[in-house]
Every structure is written in structure tokens, then in C-alpha cells.
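Raw work.cif, mmCIF, C-alpha atoms:
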```cif
data_query
#
loop_
_atom_site.label_atom_id
_atom_site.label_comp_id
_atom_site.auth_asym_id
_atom_site.auth_seq_id
_atom_site.Cartn_x
_atom_site.Cartn_y
_atom_site.Cartn_z
CA MET A 1 18.89 27.18 19.10
CA HIS A 2 17.53 25.28 22.10
CA LYS A 3 15.25 23.21 19.87
CA ILE A 4 18.10 22.39 17.49
CA LEU A 5 20.34 21.36 20.37
CA LEU A 6 17.59 19.21 21.89
CA LYS A 7 16.96 17.45 18.59
CA ALA A 8 20.66 16.75 18.17
CA ILE A 9 20.84 15.26 21.66
CA VAL A 10 17.75 13.09 21.09
CA PHE A 11 19.10 11.85 17.79
CA GLY A 12 22.42 10.98 19.42
CA LEU A 13 20.57 8.94 22.05
CA ILE A 14 18.60 7.13 19.35
CA ILE A 15 21.77 6.15 17.54
CA TRP A 16 23.26 4.86 20.81
CA MET A 17 20.10 2.85 21.53
CA VAL A 18 20.20 0.98 18.23
CA GLY A 19 23.85 0.06 18.65
CA CYS A 20 25.14 2.45 16.04
CA THR A 21 28.53 4.07 16.22
CA ASN A 22 28.82 7.15 18.39
CA SER A 23 28.65 10.48 16.57
CA ILE A 24 32.03 11.35 15.09
CA LYS A 25 33.10 14.91 14.49
CA ASN A 26 32.98 15.86 10.82
CA GLN A 27 36.65 15.74 10.03
CA THR A 28 38.79 13.86 7.56
CA ASP A 29 40.29 10.77 9.14
CA SER A 30 43.45 9.01 8.04
CA ALA A 31 41.54 6.04 6.63
CA PHE A 32 39.16 8.06 4.44
CA LYS A 33 39.77 9.27 0.91
CA ALA A 34 37.32 10.83 -1.51
CA ASP A 35 35.67 8.66 -4.15
CA THR A 36 35.93 10.59 -7.41
CA ALA A 37 34.09 7.97 -9.46
CA PHE A 38 30.89 7.74 -7.37
CA THR A 39 29.88 10.93 -5.61
CA MET A 40 26.92 12.83 -4.17
CA GLN A 41 26.58 16.17 -5.96
CA HIS A 42 23.45 17.54 -4.30
CA SER A 43 23.00 15.83 -0.93
CA SER A 44 24.12 17.67 2.20
CA LEU A 45 23.73 14.59 4.39
CA VAL A 46 25.69 11.80 2.69
CA HIS A 47 29.30 11.42 1.57
CA PHE A 48 30.86 8.54 -0.36
CA GLY A 49 34.50 7.64 -0.04
CA LEU A 50 37.00 4.82 0.08
CA VAL A 51 38.62 3.06 3.01
CA GLY A 52 41.49 1.18 1.46
CA SER A 53 39.88 -0.51 -1.54
CA TYR A 54 36.41 -0.61 0.03
CA ARG A 55 33.60 1.89 -0.49
CA CYS A 56 32.37 3.73 2.58
CA VAL A 57 29.20 5.74 3.15
CA LEU A 58 29.13 8.54 5.72
CA PHE A 59 25.77 9.73 7.09
CA LYS A 60 25.60 13.12 8.77
CA ASN A 61 23.44 13.85 11.77
CA PRO A 62 20.56 15.76 10.09
CA TRP A 63 20.08 17.97 13.15
CA ASP A 64 23.75 18.77 13.62
CA THR A 65 25.65 18.40 10.36
CA SER A 66 28.98 19.03 12.09
CA GLU A 67 28.72 15.41 13.22
CA TYR A 68 28.42 12.03 11.54
CA ALA A 69 25.63 9.79 12.78
CA LYS A 70 27.11 6.71 11.15
CA LYS A 71 30.08 5.63 9.04
CA ILE A 72 29.79 2.32 7.22
CA VAL A 73 32.27 0.46 5.09
CA LEU A 74 31.04 -2.09 2.55
CA ILE A 75 33.05 -5.30 2.86
CA PRO A 76 32.67 -8.29 0.49
CA ARG A 77 31.57 -11.42 2.36
CA ASP A 78 34.50 -13.37 0.98
CA ALA A 79 37.09 -10.78 2.03
CA ASN A 80 39.71 -12.22 4.36
CA ASN A 81 41.13 -10.23 7.26
CA ALA A 82 39.52 -6.95 6.21
CA GLN A 83 40.67 -4.13 8.48
CA ILE A 84 37.84 -1.92 9.77
CA PRO A 85 39.09 1.51 10.88
CA LYS A 86 38.01 2.90 14.24
CA GLY A 87 34.70 4.72 13.99
CA TYR A 88 33.45 2.67 11.03
CA THR A 89 31.06 -0.28 11.02
CA ALA A 90 31.26 -3.08 8.47
CA LEU A 91 28.28 -3.96 6.26
CA TYR A 92 28.92 -7.20 4.45
CA THR A 93 27.93 -7.47 0.80
CA PRO A 94 26.16 -8.63 -1.20
CA ILE A 95 23.24 -8.13 1.14
CA ARG A 96 20.66 -10.92 1.01
CA SER A 97 17.59 -9.07 2.30
CA ILE A 98 16.45 -5.59 3.21
CA ALA A 99 13.59 -4.00 5.16
CA VAL A 100 12.56 -0.37 4.73
CA THR A 101 10.36 2.11 6.56
CA SER A 102 10.67 4.79 3.86
CA SER A 103 8.24 4.51 0.96
CA THR A 104 10.77 6.24 -1.28
CA ALA A 105 13.20 3.39 -0.62
CA ILE A 106 10.67 1.03 -2.22
CA SER A 107 10.75 3.19 -5.34
CA PHE A 108 14.55 3.23 -5.31
CA LEU A 109 14.72 -0.57 -5.04
CA SER A 110 12.23 -0.86 -7.88
CA LYS A 111 14.26 1.45 -10.13
CA LEU A 112 17.39 -0.60 -9.41
CA GLY A 113 15.69 -3.95 -10.04
CA LYS A 114 16.24 -5.06 -6.43
CA LEU A 115 12.72 -5.46 -5.09
CA ASN A 116 13.48 -9.17 -4.76
CA LEU A 117 15.64 -8.29 -1.72
CA LEU A 118 12.73 -6.64 0.09
CA ASN A 119 11.26 -8.63 2.98
CA GLY A 120 9.94 -5.96 5.36
CA VAL A 121 8.04 -2.67 5.07
CA ALA A 122 6.24 -0.16 7.27
CA ASP A 123 2.69 1.13 6.71
CA ALA A 124 1.71 -1.69 4.36
CA ASP A 125 -1.78 -0.27 3.76
CA TYR A 126 -0.36 2.80 2.02
CA ILE A 127 1.94 1.06 -0.46
CA PHE A 128 1.15 1.44 -4.16
CA ASN A 129 3.68 -0.85 -5.83
CA PRO A 130 1.63 -3.85 -7.10
CA TRP A 131 4.49 -6.35 -6.77
CA VAL A 132 5.08 -5.35 -3.15
CA LYS A 133 1.35 -5.40 -2.34
CA ASP A 134 1.09 -8.91 -3.76
CA ALA A 135 4.12 -10.07 -1.77
CA ILE A 136 2.57 -8.66 1.41
CA LYS A 137 -0.61 -10.66 0.75
CA LYS A 138 1.46 -13.79 0.19
CA GLY A 139 3.39 -13.18 3.40
CA THR A 140 6.82 -12.98 1.76
CA ILE A 141 7.05 -9.32 2.82
CA ILE A 142 6.14 -8.58 6.44
CA GLU A 143 4.95 -5.31 7.98
CA ILE A 144 7.58 -4.31 10.55
CA GLY A 145 5.94 -1.15 11.83
CA GLN A 146 3.52 1.71 11.41
CA GLY A 147 4.31 5.39 11.35
CA GLN A 148 7.33 6.12 13.53
CA THR A 149 6.90 2.91 15.54
CA LEU A 150 8.93 -0.15 14.58
CA ASN A 151 8.23 -3.61 15.96
CA ARG A 152 11.43 -5.28 17.18
CA GLU A 153 9.88 -8.75 17.21
CA ARG A 154 8.69 -8.37 13.62
CA ILE A 155 12.14 -7.24 12.55
CA ILE A 156 13.71 -10.25 14.24
CA GLU A 157 11.13 -12.50 12.57
CA THR A 158 11.83 -10.95 9.18
CA ASP A 159 15.60 -11.12 9.78
CA PRO A 160 16.75 -8.58 7.15
CA ASP A 161 20.46 -7.95 6.65
CA VAL A 162 19.73 -4.21 6.49
CA VAL A 163 16.94 -1.97 7.80
CA LEU A 164 16.67 1.40 6.06
CA ALA A 165 14.87 3.38 8.76
CA SER A 166 13.41 6.84 8.33
CA ILE A 167 14.51 8.85 11.36
CA TYR A 168 12.74 11.53 13.37
CA ALA A 169 13.99 13.67 16.23
CA ASP A 170 11.53 12.33 18.79
CA GLN A 171 11.46 8.75 17.54
CA GLN A 172 12.07 5.69 19.72
CA LEU A 173 13.78 3.12 17.50
CA PRO A 174 14.05 -0.48 18.68
CA ASP A 175 17.35 -1.80 20.01
CA LEU A 176 18.58 -4.33 17.45
CA THR A 177 21.68 -5.26 19.44
CA GLY A 178 22.18 -9.00 19.30
CA THR A 179 20.24 -9.45 16.08
CA ALA A 180 21.62 -10.00 12.60
CA SER A 181 19.95 -6.84 11.32
CA TYR A 182 21.93 -3.68 10.61
CA LEU A 183 20.10 -0.33 10.86
CA ILE A 184 20.95 2.56 8.57
CA PRO A 185 19.44 6.03 9.16
CA PHE A 186 17.55 6.95 5.99
CA ALA A 187 17.02 10.71 6.10
CA ASP A 188 16.24 11.50 2.46
CA TYR A 189 13.14 13.50 3.41
CA LEU A 190 15.30 15.97 5.36
CA GLU A 191 17.17 17.13 2.26
CA GLU A 192 16.08 20.62 1.24
CA LYS A 193 16.43 20.35 -2.53
CA PRO A 194 14.46 18.08 -4.91
CA LEU A 195 17.55 16.64 -6.60
CA ALA A 196 19.20 16.03 -3.21
CA ARG A 197 16.28 13.85 -2.12
CA ALA A 198 16.31 11.88 -5.35
CA GLU A 199 20.08 11.42 -5.08
CA TRP A 200 19.57 9.00 -2.18
CA LEU A 201 19.00 6.50 -4.98
CA LYS A 202 22.80 6.27 -4.98
CA VAL A 203 22.80 5.25 -1.31
CA VAL A 204 20.54 2.31 -2.13
CA GLY A 205 22.73 1.65 -5.16
CA ALA A 206 25.84 1.42 -3.01
CA ILE A 207 24.19 -0.91 -0.50
CA THR A 208 22.81 -3.20 -3.22
CA GLN A 209 25.95 -3.04 -5.42
CA THR A 210 24.13 -1.35 -8.30
CA GLU A 211 26.19 1.84 -8.25
CA THR A 212 26.58 2.14 -12.03
CA LEU A 213 22.85 1.78 -12.65
CA ALA A 214 22.00 4.19 -9.82
CA ASP A 215 24.43 6.76 -11.21
CA SER A 216 22.95 6.40 -14.70
CA ILE A 217 19.34 6.72 -13.55
CA PHE A 218 20.07 9.73 -11.37
CA ASN A 219 22.04 11.47 -14.11
CA SER A 220 18.98 11.13 -16.36
CA ILE A 221 16.71 12.59 -13.66
CA GLU A 222 19.16 15.43 -13.05
CA THR A 223 19.51 16.25 -16.75
CA ASN A 224 15.76 16.35 -17.26
CA TYR A 225 15.21 18.46 -14.13
CA ILE A 226 17.80 21.04 -15.16
CA LYS A 227 16.38 21.13 -18.68
CA LEU A 228 12.89 21.79 -17.31
CA SER A 229 14.00 24.44 -14.82
CA THR A 230 15.84 26.21 -17.64
CA LEU A 231 12.68 26.04 -19.74
CA ALA A 232 10.65 27.60 -16.91
CA LYS A 233 12.92 30.64 -16.97
CA LYS A 234 11.49 31.42 -20.41
CA ALA A 235 8.09 32.18 -18.91
CA GLU A 236 7.00 35.76 -19.49
CA SER A 237 6.37 36.35 -15.80
CA LYS A 238 6.52 34.61 -12.44
CA LEU A 239 3.00 33.87 -11.24
CA THR A 240 2.26 34.03 -7.52
CA ILE A 241 1.48 30.85 -5.63
CA PHE A 242 0.71 29.75 -2.06
CA ASP A 243 0.04 26.34 -0.58
CA GLY A 244 -1.38 24.27 2.24
CA THR A 245 -4.77 24.04 3.91
CA GLN A 246 -6.15 24.61 7.37
CA TYR A 247 -6.15 21.69 9.80
CA GLU A 248 -7.66 21.91 13.28
CA GLY A 249 -7.47 25.69 13.20
CA VAL A 250 -3.90 25.90 11.90
CA TRP A 251 -2.82 26.55 8.30
CA TYR A 252 0.51 25.00 7.38
CA VAL A 253 2.42 26.63 4.52
CA SER A 254 5.81 25.61 3.16
CA GLY A 255 8.83 27.42 4.54
CA GLY A 256 10.91 29.61 2.26
CA LYS A 257 13.90 27.23 2.44
CA SER A 258 11.83 24.07 1.98
CA TYR A 259 11.76 21.39 -0.68
CA MET A 260 8.49 22.78 -2.09
CA ALA A 261 9.77 26.35 -2.16
CA ALA A 262 12.67 25.14 -4.29
CA LEU A 263 10.24 23.44 -6.67
CA TYR A 264 8.15 26.61 -6.99
CA GLU A 265 11.25 28.63 -7.82
CA ASP A 266 12.41 26.12 -10.42
CA ALA A 267 8.91 25.99 -11.93
CA GLY A 268 8.90 29.75 -12.48
CA ALA A 269 6.52 30.65 -9.65
CA ASP A 270 6.69 33.48 -7.14
CA PHE A 271 6.01 31.80 -3.79
CA ILE A 272 4.27 34.06 -1.28
CA TRP A 273 6.46 32.90 1.63
CA LYS A 274 9.75 32.64 -0.27
CA GLN A 275 11.47 35.15 2.02
CA THR A 276 10.96 33.09 5.18
CA SER A 277 13.87 31.13 6.61
CA GLU A 278 12.03 27.99 7.70
CA ARG A 279 12.96 24.67 6.13
CA ALA A 280 9.79 22.92 7.29
CA SER A 281 6.17 24.05 7.38
CA ILE A 282 5.08 27.30 8.99
CA ALA A 283 1.98 27.28 11.21
CA LEU A 284 -0.29 30.27 10.57
CA GLY A 285 -3.82 31.37 11.32
CA PHE A 286 -6.41 31.73 8.55
CA GLU A 287 -6.42 35.50 8.76
CA LYS A 288 -2.67 35.74 8.18
CA VAL A 289 -2.84 33.44 5.15
CA TYR A 290 -5.80 35.31 3.73
CA GLU A 291 -4.08 38.65 4.24
CA GLN A 292 -0.99 37.58 2.30
CA ALA A 293 -2.36 35.10 -0.25
CA ARG A 294 -5.91 36.20 -1.08
CA HIS A 295 -4.83 37.61 -4.46
CA ALA A 296 -2.26 34.93 -5.34
CA GLU A 297 -2.89 33.48 -8.78
CA PHE A 298 -2.33 29.81 -7.89
CA TRP A 299 -2.88 27.57 -4.87
CA ARG A 300 -1.24 24.16 -4.44
CA ILE A 301 -2.75 21.56 -2.13
CA LEU A 302 -2.04 17.94 -1.24
CA VAL A 303 -4.98 15.79 -0.17
CA ASN A 304 -5.70 12.15 0.64
CA SER A 305 -9.19 11.28 -0.54
CA SER A 306 -10.57 7.92 -1.60
CA ASP A 307 -13.01 9.77 -3.86
CA ASP A 308 -12.24 12.26 -6.61
CA TYR A 309 -11.42 15.53 -4.90
CA THR A 310 -13.20 18.53 -6.45
CA MET A 311 -13.64 22.26 -6.04
CA ALA A 312 -17.01 21.56 -4.41
CA LYS A 313 -15.34 19.25 -1.87
CA LEU A 314 -12.71 21.89 -1.12
CA ALA A 315 -15.44 24.46 -0.46
CA GLU A 316 -17.30 21.93 1.68
CA ASP A 317 -14.16 21.41 3.79
CA ASN A 318 -13.97 25.13 4.55
CA LEU A 319 -16.27 27.74 3.06
CA LYS A 320 -13.62 30.41 3.68
CA TYR A 321 -11.47 28.80 0.99
CA THR A 322 -13.87 30.25 -1.58
CA TYR A 323 -12.69 33.76 -0.69
CA PHE A 324 -9.30 33.31 -2.39
CA ASP A 325 -8.79 34.49 -5.98
CA ALA A 326 -7.16 31.16 -6.86
CA PHE A 327 -10.35 29.36 -5.85
CA ILE A 328 -12.62 31.84 -7.65
CA ASN A 329 -10.55 31.51 -10.85
CA LYS A 330 -10.25 27.71 -10.54
CA LYS A 331 -6.47 27.79 -10.26
CA VAL A 332 -6.14 25.22 -7.48
CA ILE A 333 -3.38 22.71 -8.25
CA CYS A 334 -3.98 19.44 -6.43
CA CYS A 335 -2.32 16.09 -5.83
CA ASN A 336 -4.51 13.35 -4.36
CA SER A 337 -2.02 11.01 -2.70
CA ASN A 338 -4.71 8.37 -2.30
CA GLN A 339 -4.93 7.94 -6.06
CA VAL A 340 -1.33 8.46 -7.19
CA PRO A 341 1.90 7.19 -5.54
CA TYR A 342 3.11 10.66 -4.59
CA TYR A 343 4.93 9.65 -1.40
CA GLU A 344 6.30 6.45 -2.88
CA ASP A 345 7.41 7.53 -6.34
CA GLY A 346 6.91 11.29 -6.52
CA VAL A 347 9.89 12.39 -4.47
CA THR A 348 12.09 10.02 -6.47
CA GLN A 349 10.86 11.72 -9.65
CA PRO A 350 11.44 15.44 -9.02
CA ASP A 351 11.67 16.07 -12.74
CA ILE A 352 8.13 14.73 -13.22
CA ILE A 353 6.74 16.82 -10.36
CA LEU A 354 8.52 19.87 -11.77
CA ALA A 355 7.02 19.20 -15.20
CA ASP A 356 3.55 18.95 -13.63
CA LEU A 357 3.96 22.31 -11.93
CA ILE A 358 5.35 24.00 -15.03
CA PHE A 359 2.45 22.67 -17.09
CA CYS A 360 -0.07 24.04 -14.60
CA LEU A 361 1.66 27.42 -14.28
CA HIS A 362 2.89 27.91 -17.85
CA PRO A 363 1.04 25.43 -20.11
CA ALA A 364 2.42 27.03 -23.28
CA LEU A 365 5.90 25.80 -22.32
CA LEU A 366 4.78 22.14 -22.33
CA PRO A 367 1.86 22.08 -24.79
CA ASN A 368 1.53 18.30 -25.17
CA TYR A 369 2.34 17.28 -21.62
CA GLN A 370 0.13 14.91 -19.58
CA PRO A 371 0.36 15.57 -15.80
CA VAL A 372 1.20 12.65 -13.54
CA TYR A 373 0.80 13.88 -9.95
CA TYR A 374 -0.62 17.41 -10.01
CA THR A 375 -3.69 18.60 -11.91
CA PHE A 376 -6.22 21.41 -11.55
CA LEU A 377 -9.27 20.76 -9.41
CA ARG A 378 -12.55 20.74 -11.32
#
```

Let's see the structure in the file written out as C-alpha cells.
Amino acid sequence: MHKILLKAIVFGLIIWMVGCTNSIKNQTDSAFKADTAFTMQHSSLVHFGLVGSYRCVLFKNPWDTSEYAKKIVLIPRDANNAQIPKGYTALYTPIRSIAVTSSTAISFLSKLGKLNLLNGVADADYIFNPWVKDAIKKGTIIEIGQGQTLNRERIIETDPDVVLASIYADQQLPDLTGTASYLIPFADYLEEKPLARAEWLKVVGAITQTETLADSIFNSIETNYIKLSTLAKKAESKLTIFDGTQYEGVWYVSGGKSYMAALYEDAGADFIWKQTSERASIALGFEKVYEQARHAEFWRILVNSSDDYTMAKLAEDNLKYTYFDAFINKKVICCNSNQVPYYEDGVTQPDIILADLIFCLHPALLPNYQPVYYTFLR
């Protein structure tokens, strides 16, 4: 409880520092009414609504969902005398430029045909999208930060109308007060369900006035995901799976309430740590992992290797890995994020990731499928 409270306090200070509205208790206000035409069905962190005739987007504080971190109302630039209710901040549309620190936001903009608005990114060296990489080389897209650190001067130089900023509890965001840039907390990665993360496509759709397209694309993703998860239920048995690797003496496995645990369940797998209550990773020692997962049938890992990652390389990284049944039986499912755009496109395509996992676990259910992100190590 103390950690949760501390994170909530830190987040509140961050919002104050960047000139955002103060946290508002999660209650219906007189100006707000539900938007029945454009809604979030899976997200626990975003609400759409209407303020008068204008669309509004409400962002919850991820670390204390009883509060709103920000309430924005989308106002046309040519609107005269628009009334902005107390507690809301106006974002004028159409926006003319956008900077992002989330790689998934690049994928969302691409899906919506709005990459032309992009003029700032973070971690330029890790971007896969060829159009964006070319624009970075030409200097039409500028790197505004790396990791959790954003460069205020670069943001001012880039001068985006909107900055979609990934937020972290201990992050120090720059104060953009006095600039033309408007910062929006982009917390898609904190959603616990695969479809909830992908549904942030609608947030980008609302900001870029492509709501109809965003709704259509997401509905297709949702339909395919549900179809695949239903298919996985036809598997004769749930096969056991564990995940993670050891790093500096600590083995991080997915928590039982995490995004990956949800994917395992929907793919028809029996996750070793499914009963745990953690939403993030769990830090364990090797002995504990070996005790519980040594006989698991499958092992999922995520690596970043410029070379082809193989079973031999895995054994070279840690000889103890060879003690697991999944290693012995060559049932190690791997995604090499250096060679496929997992962080950029993968989370925005939960149906594709689900299909990859189903194919690895139950190949008979998808006999002609070609994996995109996850394959078996050889």
C-alpha cells in the first residue's frame, strides 16, 4: 500500500510540473455525458465522452484509478467562444504536428495514415518503421529524448502541437509551461489486457480526428482476437508454460495478472505463475524458478540480439538453462526484438501475437500459419 500511495503522489507531482490539470476525483460532472457512438470497451484507463457538442477524453491516474490525471476537450480551431468547463483543458483540432515517446504510438499513427503529422520521437535508434527512419535521417523528425528522459529544448525546437508521453512513476518530465506544446499522458503499456492496450488506437484516432477509421481497425483486431481465443479453447489440453530469463542474478517472470499471463490463458496455455496477484514482473531466484518450472512443457523468452538467437546461444548465456525440460525438448518460444518490431507493432497487434503463441502451442489448430513475432529456437 505504501508503494502504491508513493507512486500516486509522484505521478501527481509530475502532472503538476508539466502544467497539466490537477487530479480530479473520478466522479461524473455536470458538463460530462457519455459518448455512446465512440467508446472504450476494454481500457480501464481512458473514457470518452461529450462536453456540449465537443468530444472529451478522460485519462485516469494509472496508479490511483479513483482519480483523473487529465481531462481534455477537443475544440475545433474555428470554434468561436467555446466554453471550457472547469477541470478540462482544451486541445485545438485539427492538430498540425505530434511528437511521441511511445513506440506503439508510431504504429497507431501508421495504421491511421497520420505519420505525416509526426515530427518528434524518442529512442530513434530503436525505431523500425522505414518511413520514420528515413525522416529522422532527413531531419524532418527530431529525437526529443531517450528512455524516460525528455529534452525540453528539443521539444521546443520541434514545436509539436501534442506530445504523447509514456509515463512512469519515478519519471521527471520537462516543464512545458509557456510553450505551444500540449502533453498527454500515454499509459497504454499499463493496461493489463492485450485488447485494452491495442484500444489506445482510439485515443490517437480521437486526437487526429480519425475516429471512424480507428474504430473500424480496432473492431477488426478485436474480432480476430476473440475468434482465435475461442479456437484455442478447442485444444485437447492446456500445456504448461513459464517465461523470462535470469539477469544479474534475478529471474523475472510475468505476474499472474499481467498482460502476458492473459495472452497465455487466451492461447490455451497453463501458466506456471497464473495464481500470483502481481500485474508486473516477479523477481525470483534461479532455484525457485527451477523448482516450479523445470518440467513445464514450454518456455517463452524475449531477447534483443543483432545475430540470430539459437539454442546454443541460450545455453552459452547460462548453462543452467539446459536443465529445463523445455530446453531439452526444444520447446523454447522466442521473440528477437532486434529483428522484428515487437515493441513498435506487436502490442498493437495482439491478435497476431496470440496467433503466434497458439501456433507454437497447438500447431494443429493453425496448420498453415506463418509466425510473425514468436518462433521456436533452433

Hits of the PyMOL selection byres ((chain A and resi 282) around 8) in this structure, as a VMD selection string: chain A and resid 251 to 255 278 280 to 281 283 to 284

Given all atoms listed in the file as the basis, pick out the residue of A:Ala293, A:Ala124, A:Ala99, A:Val303 nearest to Tyr342 of chain A. A:Val303

Between A:Gly268, A:Gly139, A:Pro94, A:Pro62, which has the minimum distance to Ala206 of chain A (counting only C-alpha atoms)? A:Pro94

Nearest candidate to Phe218 of chain A (options A:Tyr247, A:Pro194, A:Val100, A:Tyr182; using all atoms listed in the file): A:Pro194

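In terms of minimum interatomic distance to Ala187 of chain A, A:Trp200 ranks closest within A:Trp200, A:Tyr225, A:Phe32, A:Phe376, counting all atoms listed in the file.
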
List every protein, DNA or RNA residue that has at least one atom no more than 10 Å from (4.1, 4.0, -2.9) in the file's coordinates, counting only C-alpha atoms, and write the result as a ChimeraX atom specification. /A:102-107,124-130,132-133,337-338,340-346

Report the residues retrieved by the PyMOL selection byres ((chain A and resi 214) around 12) from the displayed file, expressed as a count of residues only. 34

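Atom pair atom CA of Lys86 of chain A / atom CA of Cys56 of chain A has a distance of 13.0 Å (rounded to one decimal).
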
Extract, using only C-alpha atoms, all DNA, RNA and protein residues at most 9 Å from Gln339 of chain A, discarding same-chain residues fewer than 3 positions from it, and format them as a PyMOL selection string. chain A and resi 304-308+335-336+342

Residues within 9 Å of segment 96-98 of chain A, please, as a list of chain:residue names. Count only C-alpha atoms; anything in the same chain fewer than 5 positions from it doesn't count. A:Asn116, A:Leu117, A:Leu118, A:Asn119, A:Gly120, A:Asp159, A:Pro160, A:Asp161, A:Val162, A:Val163, A:Leu164, A:Ser181

Next, the residues of the selection above should be written as a short mmCIF file (atom, residue, chain, number, x, y, z; two decimals), in the coordinates of the input with C-alpha atoms.
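Heads up, here's the output in again.cif:
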```
data_model
loop_
_atom_site.label_atom_id
_atom_site.label_comp_id
_atom_site.auth_asym_id
_atom_site.auth_seq_id
_atom_site.Cartn_x
_atom_site.Cartn_y
_atom_site.Cartn_z
CA ASN A 116 13.48 -9.17 -4.76
CA LEU A 117 15.64 -8.29 -1.72
CA LEU A 118 12.73 -6.64 0.09
CA ASN A 119 11.26 -8.63 2.98
CA GLY A 120 9.94 -5.96 5.36
CA ASP A 159 15.60 -11.12 9.78
CA PRO A 160 16.75 -8.58 7.15
CA ASP A 161 20.46 -7.95 6.65
CA VAL A 162 19.73 -4.21 6.49
CA VAL A 163 16.94 -1.97 7.80
CA LEU A 164 16.67 1.40 6.06
CA SER A 181 19.95 -6.84 11.32
#
```

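Each of A:Ala232, A:Ala79, A:Val121, A:Val250 was checked against Val289 of chain A using only C-alpha atoms; the smallest atom-to-atom distance is that of A:Val250.
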
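Considering the residues A:Ile156, A:Ile95, A:Cys334, A:Leu190 and counting only C-alpha atoms, Ala169 of chain A has its shortest atom-to-atom contact with A:Leu190.
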
Could you expand the PyMOL selection byres ((chain A and resi 355) around 12) into the explicit residues it covers here, written as a PyMOL selection string? chain A and resi 221+224-232+263-264+266-268+346+349-354+356-363+365-375

Provide the atom CA of Glu297 of chain A to atom CA of Phe242 of chain A distance in Å, to one decimal place. 8.5 Å

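When atom CA of Glu316 of chain A is paired with atom CA of Gln246 of chain A, their separation reads 12.8 Å.
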
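If you count only C-alpha atoms and ignore residues fewer than 3 places along the chain from Gly52 of chain A, what sits within 9 Å of it is Ala31, Phe32, Lys33, Arg55 and Gln83 of chain A.
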
Could you give me, as a VMD selection string, the residues within 9 Å of Lys257 of chain A, counting all atoms listed in the file and dropping anything in the same chain fewer than 3 positions from it? chain A and resid 192 to 193 254 260 to 262 274 to 280

Box for segment 305-319 of chain A: with edges along x, y and z, all listed atoms inside and 6 Å added on each side, what are the centre and edge lengths in Å to one decimal, as JSON?
```
{"center_x": -13.2, "center_y": 17.8, "center_z": -1.0, "size_x": 20.1, "size_y": 31.8, "size_z": 23.2}
```
